[in-house]
>>> print(open('upload-v5.csv').read())   # CSV, C-alpha atoms
chain,number,residue,atom,x,y,z
L,388,MET,CA,0.0,0.0,0.0
L,389,ILE,CA,1.1,3.6,-0.8
L,390,GLY,CA,1.0,6.0,2.1
L,391,PRO,CA,0.1,5.5,5.8
L,392,ARG,CA,-2.4,2.8,6.7
L,393,LEU,CA,-5.5,3.8,8.6
L,394,ASN,CA,-4.3,2.2,11.9
L,395,GLU,CA,-1.1,4.2,11.6
L,396,ILE,CA,-3.1,7.4,11.1
L,397,VAL,CA,-5.3,6.7,14.1
L,398,ALA,CA,-2.2,5.9,16.2
L,399,ALA,CA,-0.5,9.1,15.1
L,400,LYS,CA,-3.5,11.2,16.0
L,401,ALA,CA,-3.6,9.6,19.4
L,402,HIS,CA,0.1,10.3,19.8
L,403,VAL,CA,-0.2,14.1,19.3
L,404,GLN,CA,-3.8,15.0,20.0
L,405,ALA,CA,-3.1,16.3,23.5
L,406,ASP,CA,-0.8,19.0,22.0
L,407,LEU,CA,-2.9,19.8,19.0
L,408,ILE,CA,-6.4,21.3,18.4
L,409,GLU,CA,-9.3,19.3,17.0
L,410,THR,CA,-10.2,22.2,14.7
L,411,PRO,CA,-13.9,22.9,14.3
L,412,ILE,CA,-16.0,22.5,11.2
L,413,LEU,CA,-18.6,25.0,10.1
L,414,PRO,CA,-21.6,24.4,7.7
L,415,LEU,CA,-21.9,27.3,5.3
L,416,THR,CA,-25.7,27.6,5.6
L,417,SER,CA,-26.2,31.3,6.3
L,418,ALA,CA,-28.3,33.2,3.9
L,419,ARG,CA,-25.3,35.4,3.3
L,420,TRP,CA,-23.8,32.5,1.2
L,421,HIS,CA,-26.8,32.5,-1.2
L,422,GLY,CA,-25.7,32.4,-4.8
L,423,LEU,CA,-22.0,32.0,-4.0
L,424,LEU,CA,-21.9,28.2,-3.6
L,425,PRO,CA,-22.8,25.3,-5.9
L,426,LYS,CA,-26.6,25.1,-6.2
L,427,GLY,CA,-28.3,22.8,-3.8
L,428,ALA,CA,-25.0,21.7,-2.3
L,429,GLY,CA,-24.2,21.2,1.4
L,430,VAL,CA,-20.9,22.9,2.0
L,431,THR,CA,-18.7,22.5,5.2
L,432,VAL,CA,-15.4,24.1,5.9
L,433,LYS,CA,-12.8,22.8,8.3
L,434,LEU,CA,-11.1,25.7,10.1
L,435,GLU,CA,-7.6,24.4,10.3
L,436,LEU,CA,-6.3,28.0,10.5
L,437,PHE,CA,-7.1,27.7,14.2
L,438,GLN,CA,-4.6,24.9,14.6
L,439,GLN,CA,-1.4,25.4,16.6
L,440,ALA,CA,1.0,27.8,14.8
L,441,GLY,CA,-1.9,28.9,12.6
L,442,SER,CA,-2.0,26.0,10.1
L,443,PHE,CA,-2.3,22.3,9.4
L,444,LYS,CA,1.5,22.1,9.2
L,445,ALA,CA,1.7,21.9,13.0
L,446,ARG,CA,0.4,18.3,12.8
L,447,GLY,CA,3.3,16.9,10.7
L,448,ALA,CA,5.9,19.2,12.3
L,449,LEU,CA,5.1,17.8,15.7
L,450,LEU,CA,5.2,14.2,14.5
L,451,GLY,CA,8.6,14.9,13.0
L,452,MET,CA,9.9,16.4,16.2
L,453,ARG,CA,8.6,13.4,18.2
L,454,ASN,CA,10.6,11.1,15.8
L,455,LEU,CA,14.0,12.6,16.7
L,456,ASP,CA,16.4,10.5,18.7
L,457,ALA,CA,18.6,12.0,21.4
L,458,ALA,CA,21.5,12.8,19.1
L,459,GLN,CA,19.2,14.5,16.6
L,460,ARG,CA,17.5,16.5,19.3
L,461,ALA,CA,20.9,17.7,20.5
L,462,ALA,CA,22.0,18.7,16.9
L,463,GLY,CA,18.8,20.7,16.2
L,464,VAL,CA,16.6,20.9,13.1
L,465,VAL,CA,16.5,23.0,10.0
L,466,ALA,CA,13.7,24.0,7.6
L,467,ALA,CA,13.2,26.2,4.6
L,468,SER,CA,9.8,28.0,4.2
L,469,GLY,CA,8.3,31.3,3.6
L,470,GLY,CA,5.3,30.8,5.8
L,471,ASN,CA,3.3,28.2,7.6
L,472,HIS,CA,5.8,25.4,7.7
L,473,ALA,CA,8.4,27.8,9.2
L,474,LEU,CA,6.1,28.7,12.0
L,475,ALA,CA,5.0,25.1,12.6
L,476,VAL,CA,8.6,23.9,12.9
L,477,SER,CA,9.5,26.8,15.1
L,478,TRP,CA,6.5,26.0,17.4
L,479,ALA,CA,7.1,22.2,17.5
L,480,ALA,CA,10.8,22.7,18.2
L,481,GLN,CA,10.1,25.1,21.0
L,482,ALA,CA,7.6,22.6,22.5
L,483,ALA,CA,10.2,19.8,22.2
L,484,GLY,CA,13.1,21.9,23.5
L,485,VAL,CA,15.0,21.6,20.2
L,486,ASP,CA,17.0,24.3,18.5
L,487,ALA,CA,15.5,25.3,15.1
L,488,LEU,CA,17.2,27.1,12.2
L,489,ILE,CA,14.7,28.5,9.6
L,490,ALA,CA,15.9,29.6,6.2
L,491,MET,CA,13.4,32.1,4.6
L,492,PRO,CA,13.3,34.3,1.5
L,493,LYS,CA,13.9,38.0,2.0
L,494,ALA,CA,10.4,38.7,0.6
L,495,THR,CA,8.7,36.8,3.4
L,496,ASP,CA,6.0,38.7,5.2
L,497,PRO,CA,7.8,40.3,8.2
L,498,ALA,CA,5.1,39.1,10.6
L,499,ARG,CA,6.0,35.5,9.7
L,500,ILE,CA,9.7,36.1,10.3
L,501,ALA,CA,8.9,37.8,13.7
L,502,GLY,CA,6.6,34.9,14.6
L,503,CYS,CA,9.4,32.3,14.1
L,504,GLN,CA,11.8,34.4,16.1
L,505,ALA,CA,9.2,34.9,18.9
L,506,LEU,CA,9.1,31.1,19.1
L,507,GLY,CA,12.8,30.9,19.6
L,508,ALA,CA,14.0,29.9,16.2
L,509,THR,CA,17.0,31.4,14.4
L,510,VAL,CA,16.0,32.9,11.1
L,511,THR,CA,18.3,33.4,8.1
L,512,LEU,CA,17.1,35.4,5.1
L,513,HIS,CA,18.0,34.5,1.5
L,514,ASP,CA,17.4,35.9,-2.0
L,515,ASP,CA,14.6,33.5,-2.9
L,516,MET,CA,13.1,30.2,-2.0
L,517,ALA,CA,15.7,28.3,-4.1
L,518,ALA,CA,18.5,29.9,-2.0
L,519,ALA,CA,16.6,29.2,1.2
L,520,PHE,CA,16.4,25.5,0.2
L,521,ALA,CA,20.1,25.5,-0.6
L,522,ALA,CA,20.8,26.9,2.9
L,523,MET,CA,18.6,24.3,4.4
L,524,ASN,CA,20.4,21.5,2.6
L,525,ALA,CA,23.8,22.8,3.7
L,526,ALA,CA,22.7,23.0,7.3
L,527,ALA,CA,21.5,19.4,7.1
L,528,GLU,CA,24.8,18.3,5.7
L,529,GLU,CA,26.5,19.9,8.7
L,530,GLY,CA,24.4,17.8,11.1
L,531,ARG,CA,20.9,19.3,11.6
L,532,THR,CA,17.9,17.1,10.9
L,533,LEU,CA,16.1,18.4,7.8
L,534,MET,CA,12.4,19.1,8.3
L,535,HIS,CA,11.2,19.2,4.7
L,536,PRO,CA,8.0,21.2,4.2
L,537,TYR,CA,6.2,18.4,2.3
L,538,GLU,CA,8.5,15.5,1.1
L,539,ALA,CA,8.5,13.5,4.4
L,540,ASP,CA,6.5,10.6,5.8
L,541,HIS,CA,5.7,12.6,9.0
L,542,MET,CA,4.3,15.5,7.0
L,543,ILE,CA,2.0,13.2,5.0
L,544,LEU,CA,1.0,11.4,8.2
L,545,GLY,CA,0.2,14.7,9.9
L,546,ALA,CA,-2.0,15.8,7.0
L,547,ALA,CA,-3.6,12.3,7.2
L,548,THR,CA,-4.7,13.0,10.8
L,549,CYS,CA,-6.5,16.1,9.5
L,550,GLY,CA,-8.2,14.1,6.8
L,551,HIS,CA,-9.3,11.4,9.3
L,552,GLU,CA,-10.5,14.0,11.7
L,553,TYR,CA,-12.6,15.8,9.0
L,554,ALA,CA,-14.1,12.5,7.8
L,555,VAL,CA,-15.1,11.6,11.3
L,556,GLN,CA,-16.6,15.1,12.0
L,557,ALA,CA,-18.6,15.2,8.8
L,558,PRO,CA,-19.2,11.7,7.4
L,559,GLN,CA,-21.8,13.0,5.0
L,560,ILE,CA,-19.2,14.7,2.8
L,561,ASP,CA,-18.9,13.0,-0.6
L,562,THR,CA,-16.5,15.5,-2.2
L,563,PHE,CA,-13.4,17.0,-0.6
L,564,VAL,CA,-11.7,20.0,-2.3
L,565,VAL,CA,-8.2,20.6,-1.0
L,566,PRO,CA,-5.4,23.1,-1.8
L,567,VAL,CA,-2.2,21.8,-3.4
L,568,GLY,CA,1.3,23.2,-2.9
L,569,GLY,CA,4.0,20.6,-2.6
L,570,GLY,CA,1.4,17.9,-2.1
L,571,GLY,CA,1.9,17.2,1.6
L,572,MET,CA,-1.6,18.1,2.6
L,573,ILE,CA,-3.6,16.6,-0.2
L,574,SER,CA,-1.6,13.4,-0.3
L,575,GLY,CA,-2.1,12.8,3.4
L,576,MET,CA,-5.8,13.9,3.6
L,577,ALA,CA,-6.7,11.9,0.5
L,578,CYS,CA,-4.9,8.8,1.8
L,579,ALA,CA,-7.0,8.9,5.0
L,580,ILE,CA,-10.3,9.9,3.4
L,581,LYS,CA,-10.2,7.2,0.7
L,582,GLN,CA,-9.5,4.5,3.3
L,583,MET,CA,-12.4,5.6,5.3
L,584,ASN,CA,-14.7,6.2,2.3
L,585,PRO,CA,-13.5,4.8,-1.0
L,586,ALA,CA,-16.4,6.3,-2.8
L,587,ALA,CA,-15.4,9.9,-1.8
L,588,THR,CA,-14.0,12.2,-4.4
L,589,VAL,CA,-10.9,14.2,-3.6
L,590,ILE,CA,-10.2,17.2,-5.9
L,591,GLY,CA,-7.0,19.3,-5.6
L,592,VAL,CA,-6.7,23.0,-6.2
L,593,GLU,CA,-3.6,24.6,-7.6
L,594,PRO,CA,-2.8,28.1,-8.8
L,595,PHE,CA,-2.1,28.4,-12.5
L,596,GLY,CA,1.3,29.9,-11.7
L,597,ALA,CA,2.3,27.0,-9.4
L,598,ASP,CA,0.9,23.9,-11.0
L,599,SER,CA,3.8,21.4,-10.4
L,600,MET,CA,1.5,18.6,-9.2
L,601,SER,CA,-0.9,19.0,-12.2
L,602,GLN,CA,2.0,18.9,-14.6
L,603,SER,CA,3.5,15.9,-12.8
L,604,LEU,CA,0.3,13.9,-12.9
L,605,ALA,CA,-0.1,14.7,-16.6
L,606,ALA,CA,3.6,13.7,-17.3
L,607,GLY,CA,3.4,10.5,-15.2
L,608,GLN,CA,6.4,11.6,-13.1
L,609,PRO,CA,7.4,14.5,-10.8
L,610,VAL,CA,8.4,17.7,-12.7
L,611,GLN,CA,10.1,21.0,-11.8
L,612,LEU,CA,8.7,24.3,-12.8
L,613,ASP,CA,10.7,26.9,-14.7
L,614,ARG,CA,9.2,29.6,-12.5
L,615,VAL,CA,6.6,30.1,-9.9
L,616,ALA,CA,4.2,33.1,-10.3
L,617,THR,CA,1.4,33.3,-7.8
L,618,ILE,CA,0.3,35.4,-4.8
L,619,ALA,CA,-0.2,32.2,-2.9
L,620,ASP,CA,3.3,31.7,-1.4
L,621,SER,CA,2.1,28.8,0.7
L,622,LEU,CA,1.2,27.0,-2.5
L,623,GLY,CA,4.3,28.0,-4.5
L,624,ALA,CA,6.2,24.8,-4.5
L,625,PRO,CA,8.6,24.9,-7.4
L,626,LEU,CA,8.6,21.1,-8.0
L,627,ALA,CA,6.9,17.9,-7.2
L,628,LEU,CA,8.8,15.2,-5.4
L,629,PRO,CA,8.5,11.4,-5.6
L,630,LEU,CA,6.9,10.7,-2.2
L,631,THR,CA,4.0,13.2,-2.2
L,632,TYR,CA,3.6,12.7,-6.0
L,633,GLY,CA,3.2,9.0,-5.5
L,634,VAL,CA,0.6,9.2,-2.7
L,635,SER,CA,-1.3,11.9,-4.6
L,636,ARG,CA,-1.4,9.9,-7.8
L,637,ALA,CA,-2.8,6.9,-5.8
L,638,TYR,CA,-5.6,8.8,-4.0
L,639,VAL,CA,-6.4,12.1,-5.6
L,640,ASP,CA,-9.1,12.0,-8.3
L,641,ARG,CA,-8.0,15.2,-10.2
L,642,ILE,CA,-6.7,18.7,-9.8
L,643,VAL,CA,-8.2,21.9,-11.0
L,644,LYS,CA,-6.4,25.2,-11.4
L,645,ILE,CA,-7.5,28.7,-10.3
L,646,GLU,CA,-6.3,32.2,-11.0
L,647,ASP,CA,-4.8,34.5,-8.3
L,648,HIS,CA,-7.9,36.7,-8.8
L,649,ASP,CA,-10.1,33.8,-7.8
L,650,MET,CA,-8.3,33.5,-4.5
L,651,LEU,CA,-8.5,37.3,-3.8
L,652,ALA,CA,-12.3,37.1,-4.4
L,653,ALA,CA,-12.6,34.2,-2.0
L,654,MET,CA,-10.4,36.0,0.6
L,655,ASP,CA,-12.9,38.9,0.4
L,656,VAL,CA,-15.9,36.6,0.9
L,657,TYR,CA,-14.2,35.0,4.0
L,658,GLN,CA,-13.6,38.5,5.4
L,659,ASN,CA,-17.1,39.8,4.7
L,660,ILE,CA,-19.1,36.7,5.8
L,661,LEU,CA,-17.0,34.9,8.4
L,662,ARG,CA,-14.7,37.8,9.4
L,663,ILE,CA,-11.7,35.5,8.6
L,664,THR,CA,-8.6,37.3,7.3
L,665,ALA,CA,-7.5,34.5,5.0
L,666,GLU,CA,-4.2,34.2,3.2
L,667,PRO,CA,-4.5,33.2,-0.5
L,668,ALA,CA,-3.8,29.5,0.1
L,669,CYS,CA,-6.5,29.5,2.9
L,670,ALA,CA,-9.1,30.7,0.4
L,671,ALA,CA,-8.1,28.3,-2.5
L,672,SER,CA,-10.7,25.6,-1.8
L,673,LEU,CA,-13.5,28.2,-1.5
L,674,ALA,CA,-12.3,29.9,-4.7
L,675,ALA,CA,-12.6,26.6,-6.6
L,676,ILE,CA,-16.1,25.8,-5.6
L,677,MET,CA,-17.2,29.4,-6.2
L,678,GLY,CA,-15.6,29.3,-9.7
L,679,SER,CA,-14.7,26.5,-12.0
L,680,LEU,CA,-16.3,23.7,-9.9
L,681,LYS,CA,-19.5,25.5,-9.0
L,682,ALA,CA,-21.7,24.0,-11.7
L,683,GLU,CA,-20.2,20.5,-11.5
L,684,LEU,CA,-20.6,20.2,-7.7
L,685,ALA,CA,-24.3,21.3,-7.6
L,686,GLY,CA,-26.2,19.1,-5.2
L,687,ARG,CA,-23.1,17.5,-3.7
L,688,ARG,CA,-22.0,17.3,0.0
L,689,ILE,CA,-18.8,19.2,-0.2
L,690,GLY,CA,-15.9,19.6,2.3
L,691,ILE,CA,-13.4,22.4,1.9
L,692,ILE,CA,-10.5,23.4,4.2
L,693,ALA,CA,-9.3,26.7,5.4
L,694,CYS,CA,-5.8,25.4,5.8
L,695,GLY,CA,-4.0,28.3,7.5
L,696,SER,CA,-3.9,32.1,7.8
L,697,ASN,CA,-0.5,33.4,8.8
L,698,ILE,CA,-0.7,36.8,7.1
L,699,SER,CA,-0.1,40.3,8.4
L,700,LEU,CA,-2.8,43.0,8.0
L,701,GLY,CA,-0.3,45.0,5.9
L,702,ARG,CA,0.3,42.1,3.4
L,703,TYR,CA,-3.4,41.4,3.3
L,704,ALA,CA,-4.3,45.0,2.5
L,705,GLU,CA,-1.5,45.1,-0.2
L,706,LEU,CA,-2.9,42.0,-1.9
L,707,MET,CA,-6.5,43.1,-1.8
L,708,GLN,CA,-5.7,46.3,-3.7
L,709,ALA,CA,-5.6,44.1,-6.8
L,710,LEU,CA,-9.2,42.9,-6.4
>>> encode(input="upload-v5.csv", output="structure tokens")
Amino acid sequence: MIGPRLNEIVAAKAHVQADLIETPILPLTSARWHGLLPKGAGVTVKLELFQQAGSFKARGALLGMRNLDAAQRAAGVVAASGGNHALAVSWAAQAAGVDALIAMPKATDPARIAGCQALGATVTLHDDMAAAFAAMNAAAEEGRTLMHPYEADHMILGAATCGHEYAVQAPQIDTFVVPVGGGGMISGMACAIKQMNPAATVIGVEPFGADSMSQSLAAGQPVQLDRVATIADSLGAPLALPLTYGVSRAYVDRIVKIEDHDMLAAMDVYQNILRITAEPACAASLAAIMGSLKAELAGRRIGIIACGSNISLGRYAELMQAL
């Protein structure tokens, strides 16, 4: 079998549940949603932005930290990220008493940099994400344990605990719509969901400007993008990698693509209706069901996920100027 088995997912959830939040789900039934969602559909959102460190990434990061042996704990960990993963690793490392080094692009939202530092991590800034990844790999070669943002068993397993939790909370859902960056979240969630309900449909959502998983599934192998061009930095993985690609290929039914403007519109809806200040990735699932999937998913029982919202008010206001 590809990916974690259901008993492994249940055991992992039990292992970390005391330190994580069982994030709430919310049915989108208010009259304020009228006309925005697929006709006749029942739509539920899982508010994973209320998770520790502000995103689903805390699940996998904590599992990874728990896997360290004494020597690895003493040597510390390193990660490269411009956002949610950086904060999740910083949080998990602080909770475990482990030193964390986080390599981030210089263009990272200052609030995220400050958040990592407030959690005790050492932050180094680099020209772009590629340079941050190079710094991460160099630090790993020098002895730190690499905490990859998605290409790791513990990250897939962490996301699987989220998928399991959601399926238990809302067993009526027949169609899950999940954002795709590097594939860590959708591979884990789909793996759990399909084992619990093989008839469920799992649809991924990628920005047109960061569609490495779509291209990989079409090519039949992981591919690397020439460039990434999207406002959704949390979904801006420059390449797909074998582990998450393999699990995604096994369990994800298909992937749709959305424009940056679609995410901005969904961010505005979250703000106006739920008073949630969503980052672009957080709004991707909603953007898809309000847009290209709206007609197709009429009458379905849909589950979307608000995966994280680590964004400063300044960055939010800057992005919304383009709406």
>>> residues_around(input="upload-v5.csv", residues="region 488-500 of chain L", least_positions_apart="4", cutoff="8 Å", atoms="all atoms listed in the file", output="PDB file with C-alpha atoms, in the coordinates of the input")
ATOM      1  CA  GLY L 463      18.800  20.700  16.200  1.00  0.00           C
ATOM      2  CA  VAL L 464      16.600  20.900  13.100  1.00  0.00           C
ATOM      3  CA  VAL L 465      16.500  23.000  10.000  1.00  0.00           C
ATOM      4  CA  ALA L 466      13.700  24.000   7.600  1.00  0.00           C
ATOM      5  CA  ALA L 467      13.200  26.200   4.600  1.00  0.00           C
ATOM      6  CA  SER L 468       9.800  28.000   4.200  1.00  0.00           C
ATOM      7  CA  GLY L 469       8.300  31.300   3.600  1.00  0.00           C
ATOM      8  CA  GLY L 470       5.300  30.800   5.800  1.00  0.00           C
ATOM      9  CA  ALA L 473       8.400  27.800   9.200  1.00  0.00           C
ATOM     10  CA  LEU L 474       6.100  28.700  12.000  1.00  0.00           C
ATOM     11  CA  SER L 477       9.500  26.800  15.100  1.00  0.00           C
ATOM     12  CA  GLN L 504      11.800  34.400  16.100  1.00  0.00           C
ATOM     13  CA  ALA L 508      14.000  29.900  16.200  1.00  0.00           C
ATOM     14  CA  THR L 509      17.000  31.400  14.400  1.00  0.00           C
ATOM     15  CA  VAL L 510      16.000  32.900  11.100  1.00  0.00           C
ATOM     16  CA  THR L 511      18.300  33.400   8.100  1.00  0.00           C
ATOM     17  CA  LEU L 512      17.100  35.400   5.100  1.00  0.00           C
ATOM     18  CA  HIS L 513      18.000  34.500   1.500  1.00  0.00           C
ATOM     19  CA  ASP L 514      17.400  35.900  -2.000  1.00  0.00           C
ATOM     20  CA  ASP L 515      14.600  33.500  -2.900  1.00  0.00           C
ATOM     21  CA  MET L 516      13.100  30.200  -2.000  1.00  0.00           C
ATOM     22  CA  ALA L 518      18.500  29.900  -2.000  1.00  0.00           C
ATOM     23  CA  ALA L 519      16.600  29.200   1.200  1.00  0.00           C
ATOM     24  CA  PHE L 520      16.400  25.500   0.200  1.00  0.00           C
ATOM     25  CA  ALA L 522      20.800  26.900   2.900  1.00  0.00           C
ATOM     26  CA  MET L 523      18.600  24.300   4.400  1.00  0.00           C
ATOM     27  CA  ASN L 697      -0.500  33.400   8.800  1.00  0.00           C
ATOM     28  CA  ILE L 698      -0.700  36.800   7.100  1.00  0.00           C
ATOM     29  CA  SER L 699      -0.100  40.300   8.400  1.00  0.00           C
ATOM     30  CA  ARG L 702       0.300  42.100   3.400  1.00  0.00           C
TER      31      ARG L 702
END
>>> closest_residue(input="upload-v5.csv", among="L:His648, L:Arg446, L:Lys426, L:His421", to="Val403 (chain L)", atoms="all atoms listed in the file")
L:Arg446
>>> closest_residue(input="upload-v5.csv", among="L:Ser635, L:Asn454, L:Thr664, L:Gln602", to="Ala577 (chain L)", atoms="all atoms listed in the file")
L:Ser635
>>> closest_residue(input="upload-v5.csv", among="L:Pro414, L:Gly429, L:Gly701, L:Pro625", to="Thr562 (chain L)", atoms="all atoms listed in the file")
L:Gly429
>>> closest_atom_pairs(input="upload-v5.csv", of="region 620-667 of chain L", to="region 527-537 of chain L", cutoff="9 Å", atoms="only C-alpha atoms", output="tab-separated table")
residue	atom	partner	partner_atom	distance
L:Leu628	CA	L:Tyr537	CA	8.7
L:Leu630	CA	L:Tyr537	CA	8.9
L:Thr631	CA	L:Tyr537	CA	7.2
>>> closest_residue(input="upload-v5.csv", among="L:Asp647, L:Asp406, L:Glu593, L:Asp561", to="Ala479 (chain L)", atoms="all atoms listed in the file")
L:Asp406
>>> atom_distance(input="upload-v5.csv", atom1="CA of Gly568 (chain L)", atom2="CA of Ala606 (chain L)")
17.4 Å
>>> atom_distance(input="upload-v5.csv", atom1="CA of Gln439 (chain L)", atom2="CA of Gly502 (chain L)")
12.6 Å
